[in-house]
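I have placed the structure first, in the form of structure tokens, so that the comments after it can refer back to it.
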Amino acid sequence: MSTQDLVLIALFCAVIVALGLLPPVSIAVIPVPVTLQTLGVMLAGAVLGPVRGAGACALVVLLTVLGLPVLSGGRGGLGVIPGPTGGYLLGWIPGAFVTGWLVKRFAVRAGGRLTSLAAHFAACLVGGLLVVYAVGVPWTSMTTGLGMGKAALGAAYFAIGDTLKAAVAAAVAHHVRRSYPIEPR
Amino acid sequence: MSLYVPGTSPLHRVPAGWKLAVLLLCGVAVFLTRSVTLLGPAAGLALVLLLTVRAPREQLARQLRGPLWILAAVVAVAALTESGHAALVVGLRLVILLLTALSVTLTTRTSELQGVLEVMLRPLDRAGLVNAPAVALAVSLALRFIPEVFQQFQEIREAQAARGLRGSPLALVVPLVIRVLRSAEDIAAAIDARCYPPARSRHPDRDDRLSGKAPG
Amino acid sequence: MRIALDAVSVRFGPRTVLDAVSVELTERRIGVIGANGSGKSTFARLLNGLVLPSAGTVLVGADDTARDARRIRRRVGFVFQNPDNQIVLPLVEEDLAFGLRNTGVPRKEIPGRVREQLADLGIAALAGRPSHALSGGEKQLVALAAVLVMRPETVVFDEPTTLLDLRNRNRLRAVIAALPQQAVVLTHDLGLLDGFDRVLVLDEGRIAYDGPPRTAVPWYVAHHS
Amino acid sequence: MRIALDAVSVRFGPRTVLDAVSVELTERRIGVIGANGSGKSTFARLLNGLVLPSAGTVLVGADDTARDARRIRRRVGFVFQNPDNQIVLPLVEEDLAFGLRNTGVPRKEIPGRVREQLADLGIAALAGRPSHALSGGEKQLVALAAVLVMRPETVVFDEPTTLLDLRNRNRLRAVIAALPQQAVVLTHDLGLLDGFDRVLVLDEGRIAYDGPPRTAVPWYVAHHS
Ligand SMILES: Nc1ncnc2c1ncn2[C@@H]1O[C@H](COP(=O)(O)OP(=O)(O)OP(=O)(O)O)[C@@H](O)[C@H]1O
Ligand SMILES: Nc1ncnc2c1ncn2[C@@H]1O[C@H](COP(=O)(O)OP(=O)(O)OP(=O)(O)O)[C@@H](O)[C@H]1O
Ligand SMILES: O=C(O)CCCC[C@@H]1SC[C@@H]2NC(=O)N[C@@H]21
Ligand SMILES: [Mg+2]
Ligand SMILES: [Mg+2]
């Protein structure tokens with residue numbers, strides 16, 4: 001891993017954190033973490049590629065565990081992991097990886113504007129949504145003792161927002177690739 | 001920017017490694033029982049522990065507000081679909097985990113935790129699975145650039161607001177990401193110029209060409 | 001426009017960066033000078049609500065920056081010390097057009113105004129260039145153009161000449177002199193202030209001198225070195 | 001140290017930014033001046049392999065920047081135009097210590113050398129401050145300190161005075177004059193070049209003039225405005 005890879009990992013970690021510092025787009029009154037940070041997670045994968053993207057997310061997890069207030073609403077600390085959303089947070093790592101892998105495999109060489117956008121969108125959706133939930137939901141079920149079906153309610157709650165975020169992430173990644181291409185890795 | 005609250009409470013004085021070990025045990029233990037007569041007093045103990053830390057009230061509120069809402073939702077679902085007992089067990093378990101973990105977080109410096117991290121990474125480093133100094137550098141770099149990136153974010157938003165745009169995520173994030181990619185080249189060069197990685201690293205000097213962007 | 005600071009302090013944690021500053025800015029050409037770290041950029045950021053006072057109030061016209069930041073930002077253009085954060089679209093001409101589109105300037109007029117503004121600053125040739133691949137000075141001029149093309153009522157310049165060569169510095173001086181609007185210029189480039197109406201000298205977060213450049217600049221030079 | 005450019009061209013896509021430049025740099029104090037966009041920063045980045053030639057070769061001592069970039073970067077210190085990208089750790093003193101730790105300076109000596117370097121530049125008071133909360137000029141001085149504390153054989157300065165006030169500009173002039181090493185300084189601040197051994201004037205990617213500051217600076221001023 002070159003120095004530049006390391007720097008990109010740290011900087012995208014910073015982007016993910018910064019997205020959490022923005023005033024949250026609160027969908028409901030309940031302060032459940034509907035967070036722009038998942039946009040950053042998808043971007044990390046889609047722009048940097050699988051390895052560095054996953055690295056950036058792993059770094060966010062590490063900072064969280066080290067007790068830094070890096071999650072939305074200035075939360076952090078060890079307690080997040082065994083909490084009900086801990087699985088989603090951990091799911092960011094494979095989520096970014098899968099997003100990046102799919103982008104690298106299908107989206108980079110996609111021909112037209114629409115194909116490229118669609119490919120990026122699909123990658124963000126599969127990685128940033130499906131994979132993240134695939135870790136998050138069983139985790140919620142485990143830590144709360146609720147059945148999988150009930151734990152999936154949470155995922156349903158996040159899904160609309162996350163689909164929108166995947167669309168934004170796809171558009172951003174597409175534009176960035178046009179005006180400042182770097183090779184996904 | 002850490003959550004650490006300076007202080008001299010008993011918990012402040014326990015070495016970080018011990019606190020983490022106990023926390024881990026606690027995490028396993030709460031799942032081994034469904035007895036309310038055990039979990040109840042344990043939750044009370046966890047609360048007392050948190051109070052000995054003497055953290056500022058706003059700090060506690062910020063860390064607890066979100067999780068407590070989720071907790072309430074989970075307990076409500078459990079009570080409605082299962083039983084009162086099940087709901088109580090779930091609620092107590094989560095409360096114990098939340099409060100003890102928070103107590104550790106509030107009383108342990110980031111640097112101490114980094115120390116523990118280093119110790120834990122050492123065997124992995126030796127086995128060639130992780131590059132521990134690189135992880136340490138990544139953590140420091142992130143800490144350095146979180147405020148910087150946030151400031152850039154605000155300035156970009158600012159510049160756009162001044163030019164009549166509000167809340168277009170695309171126009172906000174594209175320039176930010178491009179800036180980040182560009183500055184990564186310079187930052188990496190600055191780090192290399194200061195002789196990173198250190199000479200005795202396991203990773204021999206590879207001449208990894210810095211930028212895919214450089215001509216030639 | 002009348003900008004009024006009333007007993008404004010700015011603190012970052014334990015550090016007091018501006019200390020009970022009261023001043024009323026009504027002149028057309030106002031310079032602000034002072035040593036590194038004296039509080040100039042912080043002062044500038046107060047004027048459009050990017051920094052809010054820890055104590056005291058900042059009024060821009062009749063608006064309070066703590067409450068009406070959004071409206072104020074449209075009236076007070078801001079040229080940042082670092083041009084990188086200010087250029088938002090991939091091509092220079094797109095970037096200039098961006099603000100105009102947002103404020104509802106008729107589509108047909110936009111290319112003309114963009115061209116005119118670029119020509120004004122002598123950078124017509126940069127129109128089609130990617131904005132992230134400009135040299136330092138080129139960026140600074142583009143960032144400036146992007147603010148001026150919006151024709152704000154007041155323009156705040158935070159060190160606008162740092163990356164410019166001789167010719168562009170002179171051009172900028174002429175551009176500022178010809179601006180119909182009020183201009184507040186923070187700079188270490190003291191020559192830029194010739195012909196200004198008023199110069200404030202900041203020192204450790206207070207206004208240490210306030211007068212015409214004829215007396216303020218020598219005062220600063222004498223007290224500073 | 002001897003730095004030799006042999007028929008070096010740099011192209012970015014269709015644009016030729018440096019055009020078959022051949023020059024040998026052996027003097028101790030070398031200035032490079034030229035209009036905005038003339039190719040100064042690109043020239044500087046060639047010297048430590050941050051930009052690689054599209055054609056031709058750059059030799060630093062006996063090393064080719066296209067092959068030995070990493071080794072060269074340890075010998076050629078580089079002070080960037082934008083200090084933000086150069087301060088890499090959260091606290092000022094940590095940032096200066098970083099390079100020293102990497103080169104295996106004994107742990108015990110590091111704090112002393114850091115303090116000494118900060119004091120040399122008159123910024124001892126910044127030691128414990130967080131890097132992101134510095135003013136522009138403070139950042140520029142810290143970035144400079146972080147490079148100088150490494151004691152490289154050659155130091156390349158890309159516009160080192162842009163954000164500095166009068167006092168710090170004079171201090172920097174004195175620091176450069178006193179440097180034991182070779183220094184290559186790219187700047188629009190022509191006064192900085194007094195007493196230099198040699199000044200190159202770049203114009204649209206070529207060396208348009210090459211001589212002592214006594215003749216080169218007037219030549220540039222005459223041809224440029
Ligand atoms: N966000 C912040 N947090 C803490 N301190 C800050 C912050 N921003 C600025 N400062 C400090 O406040 C002081 C004034 O900063 P400011 O940027 O206003 O200075 P300035 O006069 O513009 O300096 P320069 O000429 O170097 O640009 C500096 O000492 C700086 O370190
Ligand atoms: N990565 C790049 N891609 C395309 N063009 C570039 C790139 N970097 C620089 N340029 C162009 O090359 C030319 C020379 O740039 P350079 O930064 O070397 O100029 P400079 O002399 O340092 O200017 P300044 O005084 O404004 O800093 C400029 O016209 C710039 O737009
Ligand atoms: O902030 C946390 O507590 C950890 C992350 C939990 C957020 C998850 S990620 C997927 C889903 N989408 C959101 O917007 N939030 C949740
Ligand atoms: Mg400033
Ligand atoms: Mg330059």
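Labels for the structure tokens follow display order: chains A, B, ..., residues from 1 in each chain, ligands from 1.
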Identify every residue of chain C that has at least one atom within 12 Å of any atom of chain B, counting only C-alpha atoms, and report the result as a PyMOL selection string. chain C and resi 13+45+48-51+69-91+94-105+130-133+143-156
For chain A against chain B, which residues fall within 6 Å using only C-alpha atoms, given as an MDAnalysis selection string? chainID A and resid 3:4 7:8 10 14 18 31 66:68 75 77:79 144 172
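The two atoms in question, CA of Phe43 in chain D and CA of Leu192 in chain D, are spaced 18.8 Å apart.
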9 Å from ligand 1 is the threshold here; counting only C-alpha atoms and all ligand atoms, which polymer residues fall inside it? Answer as JSON, numbers by chain. {"B": [147, 151], "C": [10, 11, 12, 13, 14, 15, 16, 17, 18, 33, 34, 35, 36, 37, 38, 39, 40, 41, 42, 43, 44, 45, 81, 158, 159, 186, 187, 188, 202, 203, 204, 205], "D": [126, 129, 130, 131, 132, 133, 134, 135, 136, 137, 138, 139, 140, 163, 164, 165]}
As a list in words, please: every protein or nucleic acid residue near ligand 3 (cut-off 7 Å, counting only C-alpha atoms and all ligand atoms). Pro33, Val34, Thr35, Leu36, Thr38, Leu71, Ser72, Val80, Thr85, Gly86, Tyr88, Leu89, Leu129, Val132, Tyr133, Ala155, Phe158, Ala159, Gly161 and Asp162 of chain A
Rounded to one decimal place, report the CA of Leu88 in chain B-CA of Ala46 in chain B distance in Å. 16.1 Å
What is the CA of Ala46 in chain A-CA of Val135 in chain A distance in Å, reported with one decimal? 19.6 Å
Based on DSSP run over this structure's backbone, return all residues of range 52-99 of chain A in alpha helix (DSSP H), as a PDB file with all heavy atoms, in the first residue's frame.
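This went into result-v1.pdb:
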```pdb
ATOM      1  N   ARG A  52      -9.341   0.231  -0.647  1.00  0.00           N
ATOM      2  CA  ARG A  52      -9.211   1.505   0.051  1.00  0.00           C
ATOM      3  C   ARG A  52     -10.549   1.950   0.629  1.00  0.00           C
ATOM      4  O   ARG A  52     -10.608   2.551   1.711  1.00  0.00           O
ATOM      5  CB  ARG A  52      -8.638   2.562  -0.882  1.00  0.00           C
ATOM      6  CG  ARG A  52      -7.179   2.274  -1.241  1.00  0.00           C
ATOM      7  CD  ARG A  52      -6.640   3.255  -2.236  1.00  0.00           C
ATOM      8  NE  ARG A  52      -7.390   3.224  -3.496  1.00  0.00           N
ATOM      9  CZ  ARG A  52      -6.992   3.833  -4.612  1.00  0.00           C
ATOM     10  NH1 ARG A  52      -5.868   4.535  -4.618  1.00  0.00           N
ATOM     11  NH2 ARG A  52      -7.706   3.760  -5.699  1.00  0.00           N
ATOM     12  N   GLY A  53     -11.638   1.659  -0.079  1.00  0.00           N
ATOM     13  CA  GLY A  53     -12.966   2.031   0.426  1.00  0.00           C
ATOM     14  C   GLY A  53     -13.259   1.333   1.745  1.00  0.00           C
ATOM     15  O   GLY A  53     -13.694   1.956   2.721  1.00  0.00           O
ATOM     16  N   ALA A  54     -13.002   0.027   1.773  1.00  0.00           N
ATOM     17  CA  ALA A  54     -13.215  -0.723   3.014  1.00  0.00           C
ATOM     18  C   ALA A  54     -12.277  -0.208   4.096  1.00  0.00           C
ATOM     19  O   ALA A  54     -12.644  -0.115   5.271  1.00  0.00           O
ATOM     20  CB  ALA A  54     -12.996  -2.213   2.771  1.00  0.00           C
ATOM     21  N   GLY A  55     -11.063   0.153   3.691  1.00  0.00           N
ATOM     22  CA  GLY A  55     -10.092   0.694   4.644  1.00  0.00           C
ATOM     23  C   GLY A  55     -10.611   1.964   5.307  1.00  0.00           C
ATOM     24  O   GLY A  55     -10.494   2.124   6.524  1.00  0.00           O
ATOM     25  N   ALA A  56     -11.196   2.841   4.511  1.00  0.00           N
ATOM     26  CA  ALA A  56     -11.714   4.095   5.062  1.00  0.00           C
ATOM     27  C   ALA A  56     -12.802   3.806   6.096  1.00  0.00           C
ATOM     28  O   ALA A  56     -12.839   4.425   7.162  1.00  0.00           O
ATOM     29  CB  ALA A  56     -12.260   4.977   3.942  1.00  0.00           C
ATOM     30  N   CYS A  57     -13.674   2.834   5.792  1.00  0.00           N
ATOM     31  CA  CYS A  57     -14.750   2.499   6.739  1.00  0.00           C
ATOM     32  C   CYS A  57     -14.192   1.827   7.993  1.00  0.00           C
ATOM     33  O   CYS A  57     -14.636   2.107   9.104  1.00  0.00           O
ATOM     34  CB  CYS A  57     -15.774   1.595   6.070  1.00  0.00           C
ATOM     35  SG  CYS A  57     -16.650   2.429   4.747  1.00  0.00           S
ATOM     36  N   ALA A  58     -13.212   0.966   7.805  1.00  0.00           N
ATOM     37  CA  ALA A  58     -12.595   0.319   8.959  1.00  0.00           C
ATOM     38  C   ALA A  58     -11.985   1.363   9.880  1.00  0.00           C
ATOM     39  O   ALA A  58     -12.042   1.252  11.109  1.00  0.00           O
ATOM     40  CB  ALA A  58     -11.534  -0.678   8.499  1.00  0.00           C
ATOM     41  N   LEU A  59     -11.429   2.405   9.263  1.00  0.00           N
ATOM     42  CA  LEU A  59     -10.835   3.467  10.066  1.00  0.00           C
ATOM     43  C   LEU A  59     -11.908   4.217  10.861  1.00  0.00           C
ATOM     44  O   LEU A  59     -11.689   4.583  12.019  1.00  0.00           O
ATOM     45  CB  LEU A  59     -10.060   4.419   9.149  1.00  0.00           C
ATOM     46  CG  LEU A  59      -9.094   5.404   9.793  1.00  0.00           C
ATOM     47  CD1 LEU A  59      -8.142   4.716  10.751  1.00  0.00           C
ATOM     48  CD2 LEU A  59      -8.308   6.148   8.713  1.00  0.00           C
ATOM     49  N   VAL A  60     -13.064   4.413  10.273  1.00  0.00           N
ATOM     50  CA  VAL A  60     -14.165   5.056  11.010  1.00  0.00           C
ATOM     51  C   VAL A  60     -14.541   4.194  12.217  1.00  0.00           C
ATOM     52  O   VAL A  60     -14.710   4.705  13.328  1.00  0.00           O
ATOM     53  CB  VAL A  60     -15.412   5.254  10.117  1.00  0.00           C
ATOM     54  CG1 VAL A  60     -16.560   5.826  10.946  1.00  0.00           C
ATOM     55  CG2 VAL A  60     -15.105   6.176   8.951  1.00  0.00           C
ATOM     56  N   VAL A  61     -14.634   2.884  11.992  1.00  0.00           N
ATOM     57  CA  VAL A  61     -14.981   1.978  13.090  1.00  0.00           C
ATOM     58  C   VAL A  61     -13.922   2.070  14.191  1.00  0.00           C
ATOM     59  O   VAL A  61     -14.240   2.180  15.378  1.00  0.00           O
ATOM     60  CB  VAL A  61     -15.098   0.529  12.585  1.00  0.00           C
ATOM     61  CG1 VAL A  61     -15.305  -0.436  13.751  1.00  0.00           C
ATOM     62  CG2 VAL A  61     -16.240   0.410  11.588  1.00  0.00           C
ATOM     63  N   LEU A  62     -12.669   2.086  13.760  1.00  0.00           N
ATOM     64  CA  LEU A  62     -11.573   2.156  14.730  1.00  0.00           C
ATOM     65  C   LEU A  62     -11.660   3.442  15.555  1.00  0.00           C
ATOM     66  O   LEU A  62     -11.531   3.418  16.782  1.00  0.00           O
ATOM     67  CB  LEU A  62     -10.242   2.092  13.966  1.00  0.00           C
ATOM     68  CG  LEU A  62      -8.998   1.854  14.791  1.00  0.00           C
ATOM     69  CD1 LEU A  62      -9.140   0.589  15.604  1.00  0.00           C
ATOM     70  CD2 LEU A  62      -7.781   1.746  13.874  1.00  0.00           C
ATOM     71  N   LEU A  63     -11.891   4.554  14.888  1.00  0.00           N
ATOM     72  CA  LEU A  63     -11.995   5.822  15.615  1.00  0.00           C
ATOM     73  C   LEU A  63     -13.186   5.794  16.580  1.00  0.00           C
ATOM     74  O   LEU A  63     -13.102   6.308  17.696  1.00  0.00           O
ATOM     75  CB  LEU A  63     -12.141   6.997  14.647  1.00  0.00           C
ATOM     76  CG  LEU A  63     -10.951   7.298  13.738  1.00  0.00           C
ATOM     77  CD1 LEU A  63     -11.228   8.545  12.903  1.00  0.00           C
ATOM     78  CD2 LEU A  63      -9.675   7.505  14.529  1.00  0.00           C
ATOM     79  N   THR A  64     -14.278   5.195  16.144  1.00  0.00           N
ATOM     80  CA  THR A  64     -15.443   5.083  17.020  1.00  0.00           C
ATOM     81  C   THR A  64     -15.067   4.339  18.291  1.00  0.00           C
ATOM     82  O   THR A  64     -15.338   4.788  19.408  1.00  0.00           O
ATOM     83  CB  THR A  64     -16.567   4.298  16.321  1.00  0.00           C
ATOM     84  OG1 THR A  64     -16.830   4.899  15.056  1.00  0.00           O
ATOM     85  CG2 THR A  64     -17.834   4.309  17.154  1.00  0.00           C
ATOM     86  N   VAL A  65     -14.421   3.198  18.098  1.00  0.00           N
ATOM     87  CA  VAL A  65     -14.056   2.360  19.228  1.00  0.00           C
ATOM     88  C   VAL A  65     -13.046   3.072  20.133  1.00  0.00           C
ATOM     89  O   VAL A  65     -13.039   2.898  21.348  1.00  0.00           O
ATOM     90  CB  VAL A  65     -13.483   1.024  18.712  1.00  0.00           C
ATOM     91  CG1 VAL A  65     -12.932   0.208  19.851  1.00  0.00           C
ATOM     92  CG2 VAL A  65     -14.568   0.246  18.000  1.00  0.00           C
ATOM     93  N   GLY A  86     -24.874  -1.280  15.969  1.00  0.00           N
ATOM     94  CA  GLY A  86     -23.472  -1.676  15.824  1.00  0.00           C
ATOM     95  C   GLY A  86     -23.215  -2.493  14.573  1.00  0.00           C
ATOM     96  O   GLY A  86     -22.186  -2.347  13.916  1.00  0.00           O
ATOM     97  N   GLY A  87     -24.161  -3.350  14.233  1.00  0.00           N
ATOM     98  CA  GLY A  87     -23.985  -4.206  13.061  1.00  0.00           C
ATOM     99  C   GLY A  87     -23.952  -3.406  11.767  1.00  0.00           C
ATOM    100  O   GLY A  87     -23.179  -3.714  10.861  1.00  0.00           O
ATOM    101  N   TYR A  88     -24.786  -2.385  11.703  1.00  0.00           N
ATOM    102  CA  TYR A  88     -24.768  -1.540  10.503  1.00  0.00           C
ATOM    103  C   TYR A  88     -23.401  -0.890  10.348  1.00  0.00           C
ATOM    104  O   TYR A  88     -22.824  -0.852   9.265  1.00  0.00           O
ATOM    105  CB  TYR A  88     -25.841  -0.454  10.594  1.00  0.00           C
ATOM    106  CG  TYR A  88     -27.258  -0.965  10.478  1.00  0.00           C
ATOM    107  CD1 TYR A  88     -28.034  -1.174  11.612  1.00  0.00           C
ATOM    108  CD2 TYR A  88     -27.811  -1.231   9.234  1.00  0.00           C
ATOM    109  CE1 TYR A  88     -29.334  -1.632  11.510  1.00  0.00           C
ATOM    110  CE2 TYR A  88     -29.119  -1.685   9.112  1.00  0.00           C
ATOM    111  CZ  TYR A  88     -29.875  -1.889  10.259  1.00  0.00           C
ATOM    112  OH  TYR A  88     -31.160  -2.345  10.153  1.00  0.00           O
ATOM    113  N   LEU A  89     -22.909  -0.385  11.474  1.00  0.00           N
ATOM    114  CA  LEU A  89     -21.603   0.274  11.437  1.00  0.00           C
ATOM    115  C   LEU A  89     -20.534  -0.697  10.922  1.00  0.00           C
ATOM    116  O   LEU A  89     -19.767  -0.372  10.016  1.00  0.00           O
ATOM    117  CB  LEU A  89     -21.248   0.763  12.845  1.00  0.00           C
ATOM    118  CG  LEU A  89     -19.876   1.424  12.997  1.00  0.00           C
ATOM    119  CD1 LEU A  89     -19.794   2.693  12.176  1.00  0.00           C
ATOM    120  CD2 LEU A  89     -19.586   1.743  14.459  1.00  0.00           C
ATOM    121  N   LEU A  90     -20.515  -1.916  11.493  1.00  0.00           N
ATOM    122  CA  LEU A  90     -19.529  -2.898  11.027  1.00  0.00           C
ATOM    123  C   LEU A  90     -19.792  -3.276   9.567  1.00  0.00           C
ATOM    124  O   LEU A  90     -18.867  -3.541   8.808  1.00  0.00           O
ATOM    125  CB  LEU A  90     -19.573  -4.143  11.908  1.00  0.00           C
ATOM    126  CG  LEU A  90     -19.104  -3.916  13.345  1.00  0.00           C
ATOM    127  CD1 LEU A  90     -19.355  -5.167  14.192  1.00  0.00           C
ATOM    128  CD2 LEU A  90     -17.626  -3.547  13.379  1.00  0.00           C
ATOM    129  N   GLY A  91     -21.071  -3.277   9.198  1.00  0.00           N
ATOM    130  CA  GLY A  91     -21.442  -3.633   7.833  1.00  0.00           C
ATOM    131  C   GLY A  91     -20.915  -2.647   6.793  1.00  0.00           C
ATOM    132  O   GLY A  91     -20.821  -2.982   5.609  1.00  0.00           O
ATOM    133  N   TRP A  92     -20.564  -1.440   7.239  1.00  0.00           N
ATOM    134  CA  TRP A  92     -19.998  -0.466   6.308  1.00  0.00           C
ATOM    135  C   TRP A  92     -18.754  -1.022   5.625  1.00  0.00           C
ATOM    136  O   TRP A  92     -18.501  -0.736   4.455  1.00  0.00           O
ATOM    137  CB  TRP A  92     -19.622   0.824   7.039  1.00  0.00           C
ATOM    138  CG  TRP A  92     -20.808   1.647   7.468  1.00  0.00           C
ATOM    139  CD1 TRP A  92     -22.125   1.379   7.227  1.00  0.00           C
ATOM    140  CD2 TRP A  92     -20.774   2.871   8.215  1.00  0.00           C
ATOM    141  NE1 TRP A  92     -22.912   2.355   7.770  1.00  0.00           N
ATOM    142  CE2 TRP A  92     -22.122   3.278   8.382  1.00  0.00           C
ATOM    143  CE3 TRP A  92     -19.759   3.664   8.751  1.00  0.00           C
ATOM    144  CZ2 TRP A  92     -22.466   4.451   9.067  1.00  0.00           C
ATOM    145  CZ3 TRP A  92     -20.102   4.827   9.437  1.00  0.00           C
ATOM    146  CH2 TRP A  92     -21.441   5.204   9.592  1.00  0.00           C
ATOM    147  N   ILE A  93     -17.970  -1.816   6.372  1.00  0.00           N
ATOM    148  CA  ILE A  93     -16.683  -2.270   5.831  1.00  0.00           C
ATOM    149  C   ILE A  93     -16.903  -3.194   4.620  1.00  0.00           C
ATOM    150  O   ILE A  93     -16.448  -2.872   3.521  1.00  0.00           O
ATOM    151  CB  ILE A  93     -15.839  -2.939   6.931  1.00  0.00           C
ATOM    152  CG1 ILE A  93     -15.581  -1.943   8.077  1.00  0.00           C
ATOM    153  CG2 ILE A  93     -14.516  -3.445   6.367  1.00  0.00           C
ATOM    154  CD1 ILE A  93     -14.961  -2.548   9.315  1.00  0.00           C
ATOM    155  N   PRO A  94     -17.642  -4.313   4.786  1.00  0.00           N
ATOM    156  CA  PRO A  94     -17.911  -5.112   3.583  1.00  0.00           C
ATOM    157  C   PRO A  94     -18.776  -4.359   2.572  1.00  0.00           C
ATOM    158  O   PRO A  94     -18.647  -4.587   1.367  1.00  0.00           O
ATOM    159  CB  PRO A  94     -18.647  -6.345   4.130  1.00  0.00           C
ATOM    160  CG  PRO A  94     -19.142  -5.951   5.471  1.00  0.00           C
ATOM    161  CD  PRO A  94     -18.169  -4.946   6.007  1.00  0.00           C
ATOM    162  N   GLY A  95     -19.625  -3.460   3.063  1.00  0.00           N
ATOM    163  CA  GLY A  95     -20.483  -2.697   2.155  1.00  0.00           C
ATOM    164  C   GLY A  95     -19.660  -1.880   1.166  1.00  0.00           C
ATOM    165  O   GLY A  95     -19.899  -1.910  -0.047  1.00  0.00           O
ATOM    166  N   ALA A  96     -18.681  -1.152   1.692  1.00  0.00           N
ATOM    167  CA  ALA A  96     -17.833  -0.348   0.813  1.00  0.00           C
ATOM    168  C   ALA A  96     -17.016  -1.257  -0.100  1.00  0.00           C
ATOM    169  O   ALA A  96     -16.794  -0.950  -1.273  1.00  0.00           O
ATOM    170  CB  ALA A  96     -16.905   0.540   1.642  1.00  0.00           C
ATOM    171  N   PHE A  97     -16.609  -2.390   0.450  1.00  0.00           N
ATOM    172  CA  PHE A  97     -15.810  -3.314  -0.359  1.00  0.00           C
ATOM    173  C   PHE A  97     -16.602  -3.798  -1.568  1.00  0.00           C
ATOM    174  O   PHE A  97     -16.138  -3.727  -2.710  1.00  0.00           O
ATOM    175  CB  PHE A  97     -15.348  -4.505   0.479  1.00  0.00           C
ATOM    176  CG  PHE A  97     -14.385  -5.399  -0.251  1.00  0.00           C
ATOM    177  CD1 PHE A  97     -13.015  -5.187  -0.154  1.00  0.00           C
ATOM    178  CD2 PHE A  97     -14.847  -6.425  -1.070  1.00  0.00           C
ATOM    179  CE1 PHE A  97     -12.125  -5.986  -0.851  1.00  0.00           C
ATOM    180  CE2 PHE A  97     -13.966  -7.224  -1.773  1.00  0.00           C
ATOM    181  CZ  PHE A  97     -12.599  -7.012  -1.659  1.00  0.00           C
ATOM    182  N   VAL A  98     -17.816  -4.251  -1.306  1.00  0.00           N
ATOM    183  CA  VAL A  98     -18.635  -4.785  -2.403  1.00  0.00           C
ATOM    184  C   VAL A  98     -18.979  -3.679  -3.408  1.00  0.00           C
ATOM    185  O   VAL A  98     -18.882  -3.871  -4.625  1.00  0.00           O
ATOM    186  CB  VAL A  98     -19.908  -5.456  -1.848  1.00  0.00           C
ATOM    187  CG1 VAL A  98     -20.871  -5.812  -2.974  1.00  0.00           C
ATOM    188  CG2 VAL A  98     -19.530  -6.696  -1.055  1.00  0.00           C
ATOM    189  N   THR A  99     -19.336  -2.489  -2.897  1.00  0.00           N
ATOM    190  CA  THR A  99     -19.594  -1.364  -3.809  1.00  0.00           C
ATOM    191  C   THR A  99     -18.386  -1.158  -4.726  1.00  0.00           C
ATOM    192  O   THR A  99     -18.520  -1.067  -5.951  1.00  0.00           O
ATOM    193  CB  THR A  99     -19.833  -0.061  -3.006  1.00  0.00           C
ATOM    194  OG1 THR A  99     -20.868  -0.283  -2.069  1.00  0.00           O
ATOM    195  CG2 THR A  99     -20.212   1.084  -3.935  1.00  0.00           C
TER     196      THR A  99
END
```
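Distances from C:Gly56, C:Gly211, C:Gly61, C:Pro160 to ligand 4 were compared using only C-alpha atoms and all ligand atoms, and the smallest one belongs to C:Pro160.
With only C-alpha atoms as the atoms that count, the residue of C:Ala208, C:Ala125, C:Val199, C:Ala177 with the shortest distance to chain D is C:Ala125.
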Select from range 104-216 of chain D everything DSSP, run on the backbone, classes as strand (DSSP E or B), then give the selection as a VMD selection string. chain D and resid 130 154 to 158 182 to 186 198 to 203 206 to 211
With 10 Å as the limit and counting only C-alpha atoms, what residues in chain A lie close to chain C? Please list them as a JSON list (two decimals) with N, CA, C and O atoms, in the first residue's frame.
```
[["chain", "number", "residue", "atom", "x", "y", "z"],
["A", 175, "HIS", "N", -19.61, 11.76, -11.86],
["A", 175, "HIS", "CA", -19.02, 13.07, -12.19],
["A", 175, "HIS", "C", -17.55, 13.11, -11.86],
["A", 175, "HIS", "O", -16.75, 13.62, -12.63],
["A", 176, "VAL", "N", -17.22, 12.58, -10.68],
["A", 176, "VAL", "CA", -15.82, 12.61, -10.27],
["A", 176, "VAL", "C", -14.99, 11.80, -11.25],
["A", 176, "VAL", "O", -13.90, 12.22, -11.66],
["A", 178, "ARG", "N", -15.51, 11.40, -14.31],
["A", 178, "ARG", "CA", -15.34, 12.17, -15.55],
["A", 178, "ARG", "C", -14.28, 13.25, -15.40],
["A", 178, "ARG", "O", -13.45, 13.45, -16.28],
["A", 179, "SER", "N", -14.33, 13.98, -14.29],
["A", 179, "SER", "CA", -13.44, 15.15, -14.24],
["A", 179, "SER", "C", -12.14, 14.88, -13.48],
["A", 179, "SER", "O", -11.19, 15.64, -13.63],
["A", 180, "TYR", "N", -12.08, 13.85, -12.70],
["A", 180, "TYR", "CA", -10.82, 13.58, -12.00],
["A", 180, "TYR", "C", -10.67, 12.10, -11.77],
["A", 180, "TYR", "O", -10.81, 11.61, -10.64]]
```
